[in-house]
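Q: Before I ask anything, here is the structure I am working with.
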Amino acid sequence: MVGGGQGAFIGAVHRIAARIDDRYELVAGCLASDPERAHASAAELGIAAERSYGDFAEMAKAEAGREDGIDAVSIVTPNHVHAGPIIAFAEQGIHVICDKPMCDTLANAEKAAAALEKAKVCFLLTHNYSGYPLVRHARSLVAGGELGPVRAVRAAYMQDWLARPLEKEGLKQAVWRTDPKLSGPAGSLGDIGTHAFQLARYITGLELASVAADVRTCIEGRQLDDHAEIMLRYEGGATGSLTCSQIAVGHENDLTIAVYCENGSVRWAQENPNELTLVHPYGSPARRLTRSGPELGEWAAAATRTPPGHPEGYLEAFAQLYRDMADVIEAGGKQPADAAPLPGIADGLTGMRFVDAALRSSAAKGA
């Protein structure tokens, strides 16, 4: 692991997820940019001192040279330290798992993608919501064609944790997410807007053609955006809307997606992830599908761990991506043809292009 040391949030989530299915063992790390804190973090996690590193490039080279070197690396650093580790480990032939967004800027994402494609290593971008069973079932319903062509998409990701200037109070998670040197040119747009965008793309299979965006900063003195309203036009004619906000008072982690097709629709909410609302055919009553319930396909069944009525959610969705990635690595880089697709290089590049386009549109007053 690179990043994820003392005081980090997402690193612990990745470590739990990696262990849920007993497919990974954490044996090496460069857990912080400060070597002293990196080694202290490694000791807390039981990583041997000789496999605790103060520099990710040193770690990549050293682990590649060991007979028992790592198979894969998990990158859980702030956005500005994604491209460097991706490139360093790819060049050493080590598979890469990276938290989203792919990088801080589109230019860095393109450099990272080129290194990954040249090295031909496996790459997973942990857009964890694509690991939920009912999200995968929603994709299968749309892809299967029974709902008909997609007409419209509505995605929203609403939070309120940055409704006050917490970065001025020194809260670590707020400090780096609102600093353009660490996060890149986007705030809420890059942090959660990319999740909503990827979820819409994952379920519909549609590629974006253009955006018209209003990206705002509501907290005085904040350097990056904390709210955005975006109109979407997809190739083929479907349209959509996307809202992302971290100043929406009263919303904790309110990610929702609705896909409206010619013959029916599907709706899913992350805060109630074990239910999918399906209307099909047109004119019929809404049906409530549950995870582990009847009528679900193979993709949902393969991503389900607990019996009906036993809630699954955030950690298990991350774990599903880790389990799927383990299958790909052990199969020599090939994913089974009947498996649910995984977010990878294309998702990373497309997400960064979405951010770049939205920022340029907003700067041009919504063009």
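If you're wondering about the labels, chains in the structure tokens are A, B, ... by order shown, residues count from 1 in each chain, ligands from 1 in order shown.
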Just the residues within 6 Å of region 151-161 of chain A, please, counting only C-alpha atoms, with nothing from its chain fewer than 6 positions along; format it as a PyMOL selection string.
A: chain A and resi 196+238-249+251-261
Q: Would you write out, as JSON lines, a table of all residues in region 190-271 of chain A that have an atom no more than 12 Å from an atom of region 137-141 of chain A, listing for each the closest atom pair and the distance in Å to one decimal, considering only C-alpha atoms and ordering rows by chain and rising residue number?
A:
```
{"residue": "A:Leu199", "atom": "CA", "partner": "A:Arg139", "partner_atom": "CA", "distance": 9.7}
{"residue": "A:Ala200", "atom": "CA", "partner": "A:Arg139", "partner_atom": "CA", "distance": 9.5}
{"residue": "A:Arg201", "atom": "CA", "partner": "A:Arg139", "partner_atom": "CA", "distance": 9.5}
{"residue": "A:Tyr202", "atom": "CA", "partner": "A:Arg139", "partner_atom": "CA", "distance": 6.8}
{"residue": "A:Ile203", "atom": "CA", "partner": "A:Arg139", "partner_atom": "CA", "distance": 4.1}
{"residue": "A:Thr204", "atom": "CA", "partner": "A:Arg139", "partner_atom": "CA", "distance": 6.4}
{"residue": "A:Gly205", "atom": "CA", "partner": "A:Arg139", "partner_atom": "CA", "distance": 7.8}
{"residue": "A:Leu206", "atom": "CA", "partner": "A:Arg139", "partner_atom": "CA", "distance": 11.0}
{"residue": "A:Ile257", "atom": "CA", "partner": "A:Ala138", "partner_atom": "CA", "distance": 10.3}
{"residue": "A:Ala258", "atom": "CA", "partner": "A:Ala138", "partner_atom": "CA", "distance": 10.0}
{"residue": "A:Val259", "atom": "CA", "partner": "A:Ala138", "partner_atom": "CA", "distance": 9.1}
{"residue": "A:Tyr260", "atom": "CA", "partner": "A:Ala138", "partner_atom": "CA", "distance": 11.6}
{"residue": "A:Cys261", "atom": "CA", "partner": "A:Leu141", "partner_atom": "CA", "distance": 10.7}
{"residue": "A:Asn263", "atom": "CA", "partner": "A:Leu141", "partner_atom": "CA", "distance": 11.4}
{"residue": "A:Gly264", "atom": "CA", "partner": "A:Leu141", "partner_atom": "CA", "distance": 10.1}
{"residue": "A:Ser265", "atom": "CA", "partner": "A:Ala138", "partner_atom": "CA", "distance": 9.4}
{"residue": "A:Val266", "atom": "CA", "partner": "A:Ala138", "partner_atom": "CA", "distance": 6.7}
{"residue": "A:Arg267", "atom": "CA", "partner": "A:Ala138", "partner_atom": "CA", "distance": 8.4}
{"residue": "A:Trp268", "atom": "CA", "partner": "A:Ala138", "partner_atom": "CA", "distance": 8.5}
{"residue": "A:Ala269", "atom": "CA", "partner": "A:Ala138", "partner_atom": "CA", "distance": 11.9}
```
Q: Kindly save the residues from that selection, with N, CA, C and O atoms included, as an mmCIF file, in the first residue's frame.
A:
```
data_model
loop_
_atom_site.group_PDB
_atom_site.id
_atom_site.type_symbol
_atom_site.label_atom_id
_atom_site.label_comp_id
_atom_site.auth_asym_id
_atom_site.auth_seq_id
_atom_site.Cartn_x
_atom_site.Cartn_y
_atom_site.Cartn_z
ATOM 1 N N LEU A 199 -21.074 6.045 -12.025
ATOM 2 C CA LEU A 199 -22.223 5.186 -11.765
ATOM 3 C C LEU A 199 -23.215 5.247 -12.926
ATOM 4 O O LEU A 199 -23.725 4.212 -13.377
ATOM 5 N N ALA A 200 -23.468 6.454 -13.440
ATOM 6 C CA ALA A 200 -24.368 6.595 -14.579
ATOM 7 C C ALA A 200 -23.795 5.897 -15.811
ATOM 8 O O ALA A 200 -24.517 5.204 -16.547
ATOM 9 N N ARG A 201 -22.522 6.056 -16.041
ATOM 10 C CA ARG A 201 -21.876 5.423 -17.193
ATOM 11 C C ARG A 201 -21.867 3.901 -17.046
ATOM 12 O O ARG A 201 -22.084 3.167 -18.023
ATOM 13 N N TYR A 202 -21.641 3.423 -15.816
ATOM 14 C CA TYR A 202 -21.568 1.985 -15.576
ATOM 15 C C TYR A 202 -22.912 1.314 -15.840
ATOM 16 O O TYR A 202 -22.991 0.271 -16.496
ATOM 17 N N ILE A 203 -23.986 1.903 -15.328
ATOM 18 C CA ILE A 203 -25.304 1.287 -15.461
ATOM 19 C C ILE A 203 -25.818 1.387 -16.894
ATOM 20 O O ILE A 203 -26.376 0.421 -17.436
ATOM 21 N N THR A 204 -25.632 2.540 -17.538
ATOM 22 C CA THR A 204 -26.203 2.737 -18.869
ATOM 23 C C THR A 204 -25.334 2.214 -19.998
ATOM 24 O O THR A 204 -25.836 1.874 -21.074
ATOM 25 N N GLY A 205 -24.012 2.184 -19.788
ATOM 26 C CA GLY A 205 -23.101 1.834 -20.866
ATOM 27 C C GLY A 205 -22.931 2.942 -21.883
ATOM 28 O O GLY A 205 -22.278 2.740 -22.917
ATOM 29 N N LEU A 206 -23.478 4.132 -21.603
ATOM 30 C CA LEU A 206 -23.415 5.239 -22.552
ATOM 31 C C LEU A 206 -22.144 6.057 -22.367
ATOM 32 O O LEU A 206 -21.630 6.180 -21.255
ATOM 33 N N ILE A 257 -29.307 7.312 -8.224
ATOM 34 C CA ILE A 257 -29.237 7.198 -9.676
ATOM 35 C C ILE A 257 -30.585 6.701 -10.183
ATOM 36 O O ILE A 257 -31.202 5.812 -9.591
ATOM 37 N N ALA A 258 -31.064 7.310 -11.241
ATOM 38 C CA ALA A 258 -32.286 6.861 -11.907
ATOM 39 C C ALA A 258 -32.025 6.826 -13.404
ATOM 40 O O ALA A 258 -31.466 7.774 -13.969
ATOM 41 N N VAL A 259 -32.415 5.735 -14.037
ATOM 42 C CA VAL A 259 -32.245 5.573 -15.482
ATOM 43 C C VAL A 259 -33.621 5.308 -16.084
ATOM 44 O O VAL A 259 -34.299 4.339 -15.709
ATOM 45 N N TYR A 260 -34.026 6.188 -17.001
ATOM 46 C CA TYR A 260 -35.349 6.111 -17.608
ATOM 47 C C TYR A 260 -35.210 5.650 -19.057
ATOM 48 O O TYR A 260 -34.556 6.318 -19.875
ATOM 49 N N CYS A 261 -35.810 4.514 -19.347
ATOM 50 C CA CYS A 261 -35.721 3.916 -20.680
ATOM 51 C C CYS A 261 -37.097 3.934 -21.352
ATOM 52 O O CYS A 261 -38.095 4.340 -20.759
ATOM 53 N N ASN A 263 -39.073 1.503 -22.157
ATOM 54 C CA ASN A 263 -40.057 0.552 -21.648
ATOM 55 C C ASN A 263 -40.076 0.421 -20.128
ATOM 56 O O ASN A 263 -40.858 -0.360 -19.587
ATOM 57 N N GLY A 264 -39.225 1.153 -19.437
ATOM 58 C CA GLY A 264 -39.188 1.012 -17.991
ATOM 59 C C GLY A 264 -38.091 1.860 -17.387
ATOM 60 O O GLY A 264 -37.435 2.662 -18.074
ATOM 61 N N SER A 265 -37.859 1.683 -16.097
ATOM 62 C CA SER A 265 -36.842 2.466 -15.401
ATOM 63 C C SER A 265 -36.292 1.697 -14.219
ATOM 64 O O SER A 265 -36.914 0.742 -13.725
ATOM 65 N N VAL A 266 -35.094 2.120 -13.762
ATOM 66 C CA VAL A 266 -34.506 1.578 -12.538
ATOM 67 C C VAL A 266 -34.036 2.751 -11.678
ATOM 68 O O VAL A 266 -33.569 3.767 -12.184
ATOM 69 N N ARG A 267 -34.171 2.598 -10.345
ATOM 70 C CA ARG A 267 -33.731 3.620 -9.409
ATOM 71 C C ARG A 267 -33.024 2.943 -8.237
ATOM 72 O O ARG A 267 -33.495 1.916 -7.724
ATOM 73 N N TRP A 268 -31.905 3.547 -7.805
ATOM 74 C CA TRP A 268 -31.097 2.980 -6.716
ATOM 75 C C TRP A 268 -30.550 4.108 -5.866
ATOM 76 O O TRP A 268 -30.204 5.178 -6.377
ATOM 77 N N ALA A 269 -30.483 3.863 -4.532
ATOM 78 C CA ALA A 269 -29.964 4.853 -3.591
ATOM 79 C C ALA A 269 -28.933 4.195 -2.686
ATOM 80 O O ALA A 269 -29.216 3.161 -2.072
#
```
Q: Between A:Ala213, A:Ile47, A:Ala115, A:Ile192, which one has atoms that come closest to Lys100 (chain A), using only C-alpha atoms?
A: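 Closest to Lys100 (chain A), using only C-alpha atoms: A:Ile192.
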Q: So which bits of region 45-124 of chain A end up alpha helix (DSSP H) when you DSSP the backbone, as a ChimeraX atom specification?
A: /A:56-65,83-91,106-119
Q: Write a file of the just-selected residues containing N, CA and C atoms, as a short mmCIF file (atom, residue, chain, number, x, y, z; two decimals), in the first residue's frame.
A:
```
data_model
loop_
_atom_site.label_atom_id
_atom_site.label_comp_id
_atom_site.auth_asym_id
_atom_site.auth_seq_id
_atom_site.Cartn_x
_atom_site.Cartn_y
_atom_site.Cartn_z
N PHE A 56 7.94 5.88 -2.43
CA PHE A 56 7.23 4.88 -3.22
C PHE A 56 8.08 4.33 -4.37
N ALA A 57 8.97 5.17 -4.95
CA ALA A 57 9.82 4.69 -6.03
C ALA A 57 10.81 3.64 -5.51
N GLU A 58 11.33 3.90 -4.32
CA GLU A 58 12.22 2.92 -3.67
C GLU A 58 11.47 1.62 -3.43
N MET A 59 10.24 1.72 -2.97
CA MET A 59 9.43 0.54 -2.70
C MET A 59 9.18 -0.26 -3.98
N ALA A 60 8.83 0.42 -5.06
CA ALA A 60 8.55 -0.28 -6.31
C ALA A 60 9.76 -1.07 -6.79
N LYS A 61 10.92 -0.43 -6.75
CA LYS A 61 12.14 -1.08 -7.23
C LYS A 61 12.54 -2.24 -6.32
N ALA A 62 12.47 -2.01 -5.01
CA ALA A 62 12.88 -3.04 -4.05
C ALA A 62 11.96 -4.25 -4.10
N GLU A 63 10.65 -4.02 -4.16
CA GLU A 63 9.70 -5.14 -4.17
C GLU A 63 9.78 -5.93 -5.46
N ALA A 64 10.06 -5.24 -6.58
CA ALA A 64 10.20 -5.94 -7.85
C ALA A 64 11.43 -6.85 -7.86
N GLY A 65 12.40 -6.49 -7.04
CA GLY A 65 13.63 -7.29 -6.99
C GLY A 65 13.60 -8.42 -6.00
N ALA A 83 -0.46 9.64 -9.91
CA ALA A 83 0.26 9.37 -11.16
C ALA A 83 1.66 8.81 -10.90
N GLY A 84 2.40 9.42 -9.99
CA GLY A 84 3.77 8.97 -9.71
C GLY A 84 3.84 7.51 -9.31
N PRO A 85 3.09 7.08 -8.29
CA PRO A 85 3.11 5.66 -7.92
C PRO A 85 2.57 4.74 -9.02
N ILE A 86 1.51 5.15 -9.72
CA ILE A 86 1.00 4.31 -10.80
C ILE A 86 2.11 4.00 -11.80
N ILE A 87 2.80 5.04 -12.22
CA ILE A 87 3.87 4.87 -13.22
C ILE A 87 5.02 4.05 -12.66
N ALA A 88 5.43 4.36 -11.42
CA ALA A 88 6.58 3.67 -10.82
C ALA A 88 6.33 2.17 -10.69
N PHE A 89 5.16 1.78 -10.23
CA PHE A 89 4.88 0.36 -10.03
C PHE A 89 4.58 -0.34 -11.35
N ALA A 90 3.91 0.36 -12.28
CA ALA A 90 3.65 -0.24 -13.59
C ALA A 90 4.96 -0.56 -14.30
N GLU A 91 5.91 0.35 -14.22
CA GLU A 91 7.20 0.14 -14.89
C GLU A 91 7.96 -1.04 -14.29
N LEU A 106 -6.10 15.83 -15.83
CA LEU A 106 -6.25 14.99 -17.01
C LEU A 106 -4.89 14.67 -17.62
N ALA A 107 -3.98 15.63 -17.65
CA ALA A 107 -2.65 15.39 -18.23
C ALA A 107 -1.93 14.28 -17.48
N ASN A 108 -1.99 14.29 -16.15
CA ASN A 108 -1.33 13.24 -15.37
C ASN A 108 -2.02 11.90 -15.56
N ALA A 109 -3.35 11.91 -15.72
CA ALA A 109 -4.07 10.66 -15.96
C ALA A 109 -3.64 10.05 -17.29
N GLU A 110 -3.44 10.88 -18.28
CA GLU A 110 -3.01 10.37 -19.59
C GLU A 110 -1.61 9.78 -19.52
N LYS A 111 -0.72 10.40 -18.74
CA LYS A 111 0.63 9.85 -18.56
C LYS A 111 0.56 8.50 -17.84
N ALA A 112 -0.27 8.43 -16.80
CA ALA A 112 -0.41 7.18 -16.05
C ALA A 112 -1.00 6.08 -16.93
N ALA A 113 -2.00 6.43 -17.72
CA ALA A 113 -2.64 5.44 -18.61
C ALA A 113 -1.63 4.91 -19.62
N ALA A 114 -0.79 5.78 -20.15
CA ALA A 114 0.21 5.34 -21.13
C ALA A 114 1.19 4.35 -20.50
N ALA A 115 1.59 4.63 -19.25
CA ALA A 115 2.52 3.72 -18.56
C ALA A 115 1.86 2.37 -18.29
N LEU A 116 0.61 2.38 -17.89
CA LEU A 116 -0.11 1.13 -17.61
C LEU A 116 -0.26 0.30 -18.88
N GLU A 117 -0.63 0.96 -19.96
CA GLU A 117 -0.84 0.23 -21.21
C GLU A 117 0.47 -0.32 -21.78
N LYS A 118 1.55 0.43 -21.60
CA LYS A 118 2.86 -0.03 -22.07
C LYS A 118 3.33 -1.23 -21.26
N ALA A 119 3.11 -1.18 -19.94
CA ALA A 119 3.58 -2.27 -19.06
C ALA A 119 2.68 -3.49 -19.12
#
```
Q: So, counting only C-alpha atoms, which residue among A:Ser33, A:Gln92, A:Ser210, A:Ser52 is closest to Arg360 (chain A)?
A: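 Under the stated criterion, the closest residue is A:Ser210.
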Q: Near Thr290 (chain A), within 12 Å and counting only C-alpha atoms, which residues show up once chain neighbours fewer than 3 positions away are dropped, as a PyMOL selection string?
A: chain A and resi 132-135+137-138+268+272-278+287+293-297+300-301+304+307-312
Q: As a compact mmCIF listing (two decimals) with C-alpha atoms, in the first residue's frame, list the residues of region 31-203 of chain A assigned to strand (DSSP E) by DSSP on the backbone atoms of this structure.
A:
```
# COMPACT_ATOMS: atom_id res chain seq x y z
CA ALA A 72 -0.10 -5.66 -6.53
CA VAL A 73 -0.04 -2.25 -4.91
CA SER A 74 -2.97 -0.27 -3.53
CA ILE A 75 -2.61 3.51 -3.93
CA HIS A 95 -0.35 -4.64 -10.80
CA VAL A 96 -2.04 -1.45 -9.60
CA ILE A 97 -5.19 -0.76 -7.58
CA CYS A 98 -5.92 2.95 -7.18
CA PHE A 123 -5.29 -1.83 -13.24
CA LEU A 124 -8.34 -1.33 -11.01
CA LEU A 125 -9.85 2.04 -10.19
CA VAL A 150 -32.06 4.85 -22.49
CA ARG A 151 -33.81 8.21 -22.75
CA ALA A 152 -32.69 10.09 -19.64
CA VAL A 153 -30.42 9.73 -16.61
CA ARG A 154 -30.57 11.52 -13.28
CA ALA A 155 -27.60 11.23 -10.90
CA ALA A 156 -26.97 13.09 -7.66
CA TYR A 157 -24.40 12.84 -4.89
CA MET A 158 -25.22 15.07 -1.94
```
Q: Which residue, A:Ala346, A:Val2, A:Ala8, A:Cys30, has the smallest gap to Glu50 (chain A) when you use only C-alpha atoms?
A: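 Of all the options, A:Cys30 lies closest to Glu50 (chain A).
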Q: What are the nearest atom pairs, with distances in Å to one decimal, for all residues of region 77-171 of chain A that come at most 7 Å from region 320-331 of chain A, using only C-alpha atoms, set out by chain and rising residue number as a Markdown table?
A:
```
| residue | atom | partner | partner_atom | distance |
| --- | --- | --- | --- | --- |
| A:Cys122 | CA | A:Ile329 | CA | 6.8 |
| A:Leu124 | CA | A:Met325 | CA | 6.9 |
| A:Thr126 | CA | A:Leu321 | CA | 6.9 |
| A:Asn128 | CA | A:Leu321 | CA | 6.9 |
| A:Gly131 | CA | A:Gln320 | CA | 5.5 |
```
